[in-house]
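File shown: protein26.cif (mmCIF, C-alpha atoms).
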data_entry
#
loop_
_atom_site.label_atom_id
_atom_site.label_comp_id
_atom_site.auth_asym_id
_atom_site.auth_seq_id
_atom_site.Cartn_x
_atom_site.Cartn_y
_atom_site.Cartn_z
CA MET A 242 167.10 73.71 141.08
CA ARG A 243 167.38 73.50 144.88
CA PHE A 244 170.31 73.36 147.29
CA ALA A 245 169.26 69.81 148.16
CA GLU A 246 170.30 68.85 144.61
CA LEU A 247 173.82 70.24 145.07
CA ASP A 248 177.00 69.15 146.83
CA ALA A 249 179.28 71.91 145.51
CA VAL A 250 179.25 75.45 144.13
CA THR A 251 182.08 76.89 142.07
CA LEU A 252 182.43 80.62 141.64
CA ASP A 253 183.95 82.82 138.98
CA ALA A 254 186.36 85.43 140.34
CA PHE A 255 186.26 88.76 138.49
CA GLY A 256 182.74 90.09 138.12
CA THR A 257 181.28 87.53 140.51
CA LEU A 258 183.38 87.70 143.68
CA VAL A 259 185.58 90.72 143.07
CA GLY A 260 185.64 93.94 141.12
CA LEU A 261 188.33 96.52 140.44
CA ALA A 262 188.36 99.98 141.97
CA ASP A 263 188.89 102.69 139.34
CA PRO A 264 192.66 102.60 138.69
CA VAL A 265 192.79 105.79 136.62
CA PRO A 266 193.45 108.29 139.47
CA ALA A 267 196.29 106.19 140.92
CA LEU A 268 197.80 105.59 137.49
CA ARG A 269 197.59 109.28 136.63
CA ASP A 270 199.39 110.19 139.88
CA ALA A 271 202.06 107.56 139.23
CA LEU A 272 202.67 108.90 135.73
CA ARG A 273 202.84 112.49 136.98
CA GLU A 274 205.45 111.48 139.55
CA ARG A 275 207.55 110.36 136.59
CA GLY A 276 207.02 113.53 134.60
CA VAL A 277 204.21 112.27 132.36
CA ASP A 278 200.86 114.07 132.35
CA ARG A 279 197.90 112.40 130.64
CA GLU A 280 194.18 113.10 130.74
CA PRO A 281 191.96 110.56 132.54
CA GLY A 282 190.37 109.49 129.27
CA GLU A 283 193.76 108.73 127.74
CA ILE A 284 194.74 106.66 130.76
CA ALA A 285 191.44 104.79 130.69
CA GLU A 286 191.99 103.92 127.03
CA ALA A 287 195.52 102.72 127.73
CA PHE A 288 194.28 100.63 130.64
CA SER A 289 191.65 99.10 128.39
CA ALA A 290 194.35 98.18 125.88
CA GLU A 291 196.35 96.49 128.62
CA GLY A 292 193.28 94.55 129.75
CA ALA A 293 192.63 93.34 126.23
CA TYR A 294 196.23 92.13 126.06
CA TYR A 295 196.13 90.41 129.46
CA ARG A 296 192.86 88.51 129.32
CA PRO A 297 193.78 85.89 126.68
CA ARG A 298 197.25 85.57 128.23
CA SER A 299 196.33 85.22 131.92
CA LEU A 300 197.25 81.52 131.87
CA GLU A 301 200.85 82.47 130.97
CA GLY A 302 201.43 83.71 134.55
CA ARG A 303 201.91 80.19 135.93
CA ASP A 304 204.81 80.82 138.34
CA GLU A 305 206.69 83.77 139.80
CA LYS A 306 209.07 84.11 136.86
CA SER A 307 206.44 83.88 134.14
CA LEU A 308 204.05 86.12 136.10
CA ALA A 309 206.74 88.81 136.38
CA ARG A 310 207.35 88.57 132.63
CA LEU A 311 203.62 88.79 131.88
CA ARG A 312 203.26 91.83 134.10
CA ARG A 313 206.15 93.59 132.35
CA GLU A 314 204.56 92.87 128.98
CA CYS A 315 201.20 94.21 130.16
CA VAL A 316 202.77 97.37 131.53
CA ALA A 317 204.64 97.85 128.25
CA VAL A 318 201.31 97.71 126.41
CA PHE A 319 199.84 100.29 128.79
CA LEU A 320 202.78 102.66 128.50
CA GLU A 321 202.86 102.44 124.71
CA ALA A 322 199.10 103.01 124.50
CA ALA A 323 199.50 106.03 126.79
CA GLY A 324 202.15 107.45 124.46
CA THR A 325 204.99 107.48 126.99
CA GLU A 326 208.65 106.56 126.70
CA LEU A 327 208.85 105.13 130.22
CA ALA A 328 210.49 101.73 130.57
CA PRO A 329 208.18 98.99 131.88
CA ASP A 330 210.63 98.00 134.62
CA GLU A 331 210.46 101.46 136.17
CA PHE A 332 206.65 101.49 136.21
CA VAL A 333 205.55 97.90 136.84
CA ASP A 334 205.42 98.19 140.65
CA ALA A 335 203.37 101.38 140.50
CA TYR A 336 201.04 99.81 137.96
CA ILE A 337 200.38 96.70 140.06
CA GLU A 338 199.87 98.87 143.15
CA ALA A 339 197.19 100.85 141.29
CA LEU A 340 195.14 97.68 140.70
CA ARG A 341 193.03 97.46 143.84
CA PHE A 342 190.55 94.64 143.87
CA GLU A 343 187.49 94.76 146.12
CA LEU A 344 184.74 92.37 147.09
CA LEU A 345 181.46 92.91 145.29
CA PRO A 346 178.33 93.66 147.34
CA GLY A 347 176.83 90.68 149.16
CA VAL A 348 179.75 88.32 148.50
CA VAL A 349 180.80 87.80 152.12
CA GLU A 350 177.26 87.02 153.25
CA ALA A 351 176.67 84.72 150.27
CA VAL A 352 179.85 82.72 150.85
CA ARG A 353 179.02 82.36 154.53
CA GLY A 354 175.56 81.13 153.60
CA LEU A 355 176.97 78.51 151.25
CA ARG A 356 179.36 77.29 153.92
CA ARG A 357 176.54 77.01 156.47
CA ARG A 358 174.75 74.70 154.05
CA GLY A 359 177.76 72.42 154.01
CA LEU A 360 178.48 72.87 150.32
CA ALA A 361 181.97 72.37 148.95
CA LEU A 362 183.26 75.64 147.44
CA ALA A 363 185.90 76.54 144.90
CA VAL A 364 186.85 79.48 142.70
CA VAL A 365 187.37 78.82 138.99
CA GLY A 366 188.82 81.86 137.23
CA ASN A 367 190.68 82.86 134.09
CA TRP A 368 193.52 84.43 136.04
CA ASP A 369 197.23 84.14 136.70
CA ILE A 370 198.62 82.49 139.83
CA GLY A 371 198.20 85.73 141.76
CA LEU A 372 194.47 85.12 142.31
CA PRO A 373 194.77 83.20 145.61
CA GLY A 374 196.78 86.07 147.07
CA HIS A 375 194.20 88.65 145.99
CA LEU A 376 191.37 86.60 147.52
CA ALA A 377 193.30 86.02 150.75
CA GLY A 378 193.87 89.75 151.06
CA LEU A 379 190.13 90.29 150.78
CA GLY A 380 189.24 87.72 153.43
CA LEU A 381 188.45 84.80 151.13
CA GLY A 382 191.66 82.86 151.70
CA GLY A 383 189.79 79.73 152.76
CA LEU A 384 188.46 79.03 149.27
CA ALA A 385 190.06 76.48 146.98
CA VAL A 386 191.23 78.27 143.83
CA PHE A 387 191.67 76.89 140.31
CA THR A 388 193.05 79.32 137.74
CA SER A 389 193.60 79.07 134.02
CA ALA A 390 197.31 79.52 134.76
CA GLY A 391 197.33 76.67 137.24
CA VAL A 392 195.41 74.29 134.99
CA GLY A 393 197.12 75.40 131.80
CA ILE A 394 193.95 76.14 129.85
CA ALA A 395 191.23 78.77 130.12
CA LYS A 396 187.45 78.78 130.26
CA PRO A 397 185.32 78.03 128.26
CA ASN A 398 187.32 74.80 128.09
CA PRO A 399 185.75 72.54 130.74
CA ALA A 400 189.15 71.47 132.12
CA PRO A 401 189.34 74.11 134.92
CA PHE A 402 185.89 73.07 136.14
CA LEU A 403 186.71 69.37 136.00
CA HIS A 404 189.95 69.93 137.93
CA ALA A 405 187.99 71.73 140.63
CA LEU A 406 185.32 69.07 140.85
CA GLU A 407 187.88 66.28 141.03
CA ALA A 408 189.61 68.04 143.92
CA LEU A 409 186.29 68.56 145.69
CA GLY A 410 185.23 64.96 145.06
CA VAL A 411 181.89 66.01 143.56
CA PRO A 412 180.33 64.78 140.28
CA PRO A 413 179.42 67.50 137.76
CA GLU A 414 175.69 66.86 137.96
CA ARG A 415 175.77 67.72 141.67
CA ALA A 416 177.57 71.03 141.16
CA LEU A 417 176.58 74.58 140.24
CA HIS A 418 178.82 77.24 138.76
CA ILE A 419 178.01 80.93 139.16
CA GLY A 420 179.62 83.45 136.81
CA ASP A 421 179.16 86.66 134.86
CA ASP A 422 180.53 85.78 131.41
CA GLU A 423 179.62 83.55 128.52
CA VAL A 424 182.82 81.57 129.05
CA ASP A 425 181.47 80.61 132.48
CA GLU A 426 178.20 79.35 131.08
CA LEU A 427 179.77 77.49 128.16
CA GLY A 428 182.53 75.93 130.24
CA ALA A 429 180.29 74.85 133.10
CA LYS A 430 177.74 73.26 130.79
CA ALA A 431 180.50 71.51 128.83
CA ALA A 432 181.70 70.05 132.12
CA GLY A 433 178.20 68.75 132.85
CA MET A 434 177.47 71.28 135.60
CA ARG A 435 174.52 73.52 136.23
CA PHE A 436 174.99 77.24 135.73
CA ALA A 437 173.57 80.48 137.16
CA TRP A 438 174.36 84.08 136.34
CA ALA A 439 175.90 86.50 138.82
CA PRO A 440 175.30 88.61 140.91
CA LEU A 441 176.04 85.96 143.47
CA ALA A 442 173.27 86.91 145.89
CA ASP A 443 170.64 86.83 143.14
CA ALA A 444 171.80 83.42 141.93
CA LEU A 445 171.60 81.97 145.42
CA GLU A 446 168.18 83.46 146.05
CA ALA A 447 166.90 81.72 142.92
CA THR A 448 168.35 78.45 144.23
CA ALA A 449 166.80 78.66 147.70
#

Any chance you could put this one into structure tokens?
Amino acid sequence: MRFAELDAVTLDAFGTLVGLADPVPALRDALRERGVDREPGEIAEAFSAEGAYYRPRSLEGRDEKSLARLRRECVAVFLEAAGTELAPDEFVDAYIEALRFELLPGVVEAVRGLRRRGLALAVVGNWDIGLPGHLAGLGLGGLAVFTSAGVGIAKPNPAPFLHALEALGVPPERALHIGDDEVDELGAKAAGMRFAWAPLADALEATA
């Protein structure tokens, strides 16, 4: 596969463009401020439980009201797993503040390189409607974003990919998706696209 065979590249979000800074220290401080002391391992386990709850439900955060409800539910899972009696409403802001996303190495340079080649770009992620805001805050606000919440169905269903390609005006056979999860590979191939595994820089080097 060569860039000459492509008109568009779609990119997964978490694990391909962005990662998450360790939230445990910030969460531990936030709990201590509210009179709850937990060991880092306990907090990590509770955070893992919250993540397992959120992932299949990310598409439920489709507007401000439903996103706020989803966040309260996720925080309730975390607090219960951490063995606290705190109410979700009194901790949700601190919890969201502790989630600090960061660009993965080489992403900025890779995105710039794709733009220089004149390729249409879009992000296709299993995420709530908050994803565009996270990307904008990290300097990637110029990318078109298609989330499972916005489309109403999650990868590996091909629908999010097909929505993105329709908006870009590119046929599937002229598009490449880059991701880090099996749902990316399965969904992209079901949509008729080509697929490459993250890291982003490695995938692009193989496509040179």

Inset, instruction - Would you kindly identify which residues have an atom no farther than 6 Å from (180.5, 86.8, 137.7), using all atoms listed in the file and the file's own coordinates, and write them out as an NGL selection string? - result: :A and (253 or 256-257 or 420-421 or 439)

Inset, instruction - Evaluate the PyMOL selection byres ((chain A and resi 299) around 7) and record the selected residues as a PyMOL selection string, following the chain and residue labels used in the document. - result: chain A and resi 295-298+300-302+367-369+390

Report the residues retrieved by the PyMOL selection byres ((chain A and resi 440-442) around 9) from the displayed file, expressed as a PDB file with C-alpha atoms, in the frame of the given file.
ATOM      1  CA  LEU A 252     182.430  80.620 141.640  1.00  0.00           C
ATOM      2  CA  GLY A 256     182.740  90.090 138.120  1.00  0.00           C
ATOM      3  CA  THR A 257     181.280  87.530 140.510  1.00  0.00           C
ATOM      4  CA  LEU A 258     183.380  87.700 143.680  1.00  0.00           C
ATOM      5  CA  LEU A 345     181.460  92.910 145.290  1.00  0.00           C
ATOM      6  CA  PRO A 346     178.330  93.660 147.340  1.00  0.00           C
ATOM      7  CA  GLY A 347     176.830  90.680 149.160  1.00  0.00           C
ATOM      8  CA  VAL A 348     179.750  88.320 148.500  1.00  0.00           C
ATOM      9  CA  GLU A 350     177.260  87.020 153.250  1.00  0.00           C
ATOM     10  CA  ALA A 351     176.670  84.720 150.270  1.00  0.00           C
ATOM     11  CA  VAL A 352     179.850  82.720 150.850  1.00  0.00           C
ATOM     12  CA  ILE A 419     178.010  80.930 139.160  1.00  0.00           C
ATOM     13  CA  GLY A 420     179.620  83.450 136.810  1.00  0.00           C
ATOM     14  CA  ASP A 421     179.160  86.660 134.860  1.00  0.00           C
ATOM     15  CA  ALA A 437     173.570  80.480 137.160  1.00  0.00           C
ATOM     16  CA  TRP A 438     174.360  84.080 136.340  1.00  0.00           C
ATOM     17  CA  ALA A 439     175.900  86.500 138.820  1.00  0.00           C
ATOM     18  CA  ASP A 443     170.640  86.830 143.140  1.00  0.00           C
ATOM     19  CA  ALA A 444     171.800  83.420 141.930  1.00  0.00           C
ATOM     20  CA  LEU A 445     171.600  81.970 145.420  1.00  0.00           C
ATOM     21  CA  GLU A 446     168.180  83.460 146.050  1.00  0.00           C
ATOM     22  CA  ALA A 447     166.900  81.720 142.920  1.00  0.00           C
TER      23      ALA A 447
END

Legend entry - Selected residue of minimal separation from Ile370 (chain A) among A:Leu308, A:Leu409, A:Leu344, A:Ala245, counting all atoms listed in the file: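 With all atoms listed in the file as the atom set, the closest residue is A:Leu308.
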
Legend entry - Within-12 Å shell of (194.6, 109.7, 132.7) in input frame, only C-alpha atoms, as a ChimeraX atom specification: /A:263-273,277-289,319-320,322-324

Inset, instruction - Determine the residue membership of the PyMOL selection byres ((chain A and resi 436) around 7) for the file above and supply it as JSON, numbers by chain. - result: {"A": [417, 418, 419, 426, 429, 430, 434, 435, 437, 438]}

Legend entry - Contacts of Gly378 (chain A) at 12 Å (only C-alpha atoms; same-chain gap of 5+ positions) as a list in words: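 Final neighbour list, sorted by chain and number: Val259, Arg341, Phe342, Glu343, Leu344, Gly371, Leu372, Pro373 and Gly383 of chain A.
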
If you take every atom of region 435-442 of chain A that the file lists and fit an axis-aligned box around them with 6 Å extra on each side, what centre and edge lengths come out in Å to one decimal, as lines of an AutoDock Vina configuration file?
center_x = 174.7
center_y = 81.1
center_z = 140.8
size_x = 14.8
size_y = 27.1
size_z = 22.2

Legend entry - From A:Val318, A:Met242, A:Ala293, A:Leu247, residue lying nearest Gly359 (chain A) [all atoms listed in the file]: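 Ranked by minimum distance to Gly359 (chain A), first place goes to A:Leu247.
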
Inset, instruction - May I ask for the distance between CA of Tyr294 (chain A) and CA of Glu274 (chain A), given in Å to one decimal place? - result: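 Result for CA of Tyr294 (chain A) versus CA of Glu274 (chain A): 25.3 Å, one decimal.
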
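For the residues A:Gly410, A:Pro329, A:Gly276, A:Gly393, ranking by smallest atom-to-atom distance to Arg310 (chain A) using all atoms listed in the file places A:Pro329 first.
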
Inset, instruction - Could you please determine the separation between CA of Asp334 (chain A) and CA of Leu311 (chain A) in Å, to one decimal place? - result: 13.0 Å

Inset, instruction - Could you tell me which of A:Pro397, A:Ala361, A:Gly433, A:Ala416 comes closest to Arg243 (chain A) if we count all atoms listed in the file? - result: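 Result for the nearest residue to Arg243 (chain A): A:Ala416.
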
Legend entry - Interatomic distance (Å, one decimal) between CA of Val386 (chain A) and CA of Ala400 (chain A): 13.7 Å

Could region 411-431 of chain A be completed with N, CA and C atoms and returned as a short mmCIF file (atom, residue, chain, number, x, y, z; two decimals), in the coordinates of the input?
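Saved as rebuild00.cif:
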data_model
loop_
_atom_site.label_atom_id
_atom_site.label_comp_id
_atom_site.auth_asym_id
_atom_site.auth_seq_id
_atom_site.Cartn_x
_atom_site.Cartn_y
_atom_site.Cartn_z
N VAL A 411 183.31 65.83 143.86
CA VAL A 411 181.89 66.01 143.56
C VAL A 411 181.65 65.77 142.08
N PRO A 412 180.63 64.97 141.70
CA PRO A 412 180.33 64.78 140.28
C PRO A 412 179.71 66.03 139.68
N PRO A 413 179.90 66.27 138.39
CA PRO A 413 179.42 67.50 137.76
C PRO A 413 177.92 67.74 137.94
N GLU A 414 177.13 66.68 137.88
CA GLU A 414 175.69 66.86 137.96
C GLU A 414 175.22 67.31 139.34
N ARG A 415 176.12 67.27 140.32
CA ARG A 415 175.77 67.72 141.67
C ARG A 415 176.43 69.06 141.99
N ALA A 416 176.85 69.77 140.95
CA ALA A 416 177.57 71.03 141.16
C ALA A 416 176.96 72.16 140.33
N LEU A 417 177.06 73.35 140.88
CA LEU A 417 176.58 74.58 140.24
C LEU A 417 177.74 75.54 140.10
N HIS A 418 177.85 76.17 138.94
CA HIS A 418 178.82 77.24 138.76
C HIS A 418 178.08 78.56 138.60
N ILE A 419 178.60 79.59 139.25
CA ILE A 419 178.01 80.93 139.16
C ILE A 419 179.06 81.86 138.55
N GLY A 420 178.69 82.55 137.46
CA GLY A 420 179.62 83.45 136.81
C GLY A 420 178.92 84.57 136.08
N ASP A 421 179.72 85.46 135.49
CA ASP A 421 179.16 86.66 134.86
C ASP A 421 179.50 86.77 133.38
N ASP A 422 180.05 85.70 132.80
CA ASP A 422 180.53 85.78 131.41
C ASP A 422 180.10 84.53 130.65
N GLU A 423 180.01 84.69 129.34
CA GLU A 423 179.62 83.55 128.52
C GLU A 423 180.58 82.38 128.66
N VAL A 424 181.86 82.68 128.90
CA VAL A 424 182.82 81.57 129.05
C VAL A 424 182.50 80.74 130.28
N ASP A 425 181.89 81.35 131.29
CA ASP A 425 181.47 80.61 132.48
C ASP A 425 180.33 79.66 132.14
N GLU A 426 179.34 80.18 131.43
CA GLU A 426 178.20 79.35 131.08
C GLU A 426 178.61 78.20 130.15
N LEU A 427 179.38 78.52 129.12
CA LEU A 427 179.77 77.49 128.16
C LEU A 427 180.65 76.43 128.81
N GLY A 428 181.61 76.86 129.61
CA GLY A 428 182.53 75.93 130.24
C GLY A 428 181.85 75.03 131.26
N ALA A 429 180.98 75.63 132.08
CA ALA A 429 180.29 74.85 133.10
C ALA A 429 179.39 73.80 132.47
N LYS A 430 178.65 74.20 131.45
CA LYS A 430 177.74 73.26 130.79
C LYS A 430 178.53 72.16 130.06
N ALA A 431 179.67 72.51 129.49
CA ALA A 431 180.50 71.51 128.83
C ALA A 431 181.04 70.50 129.83
#
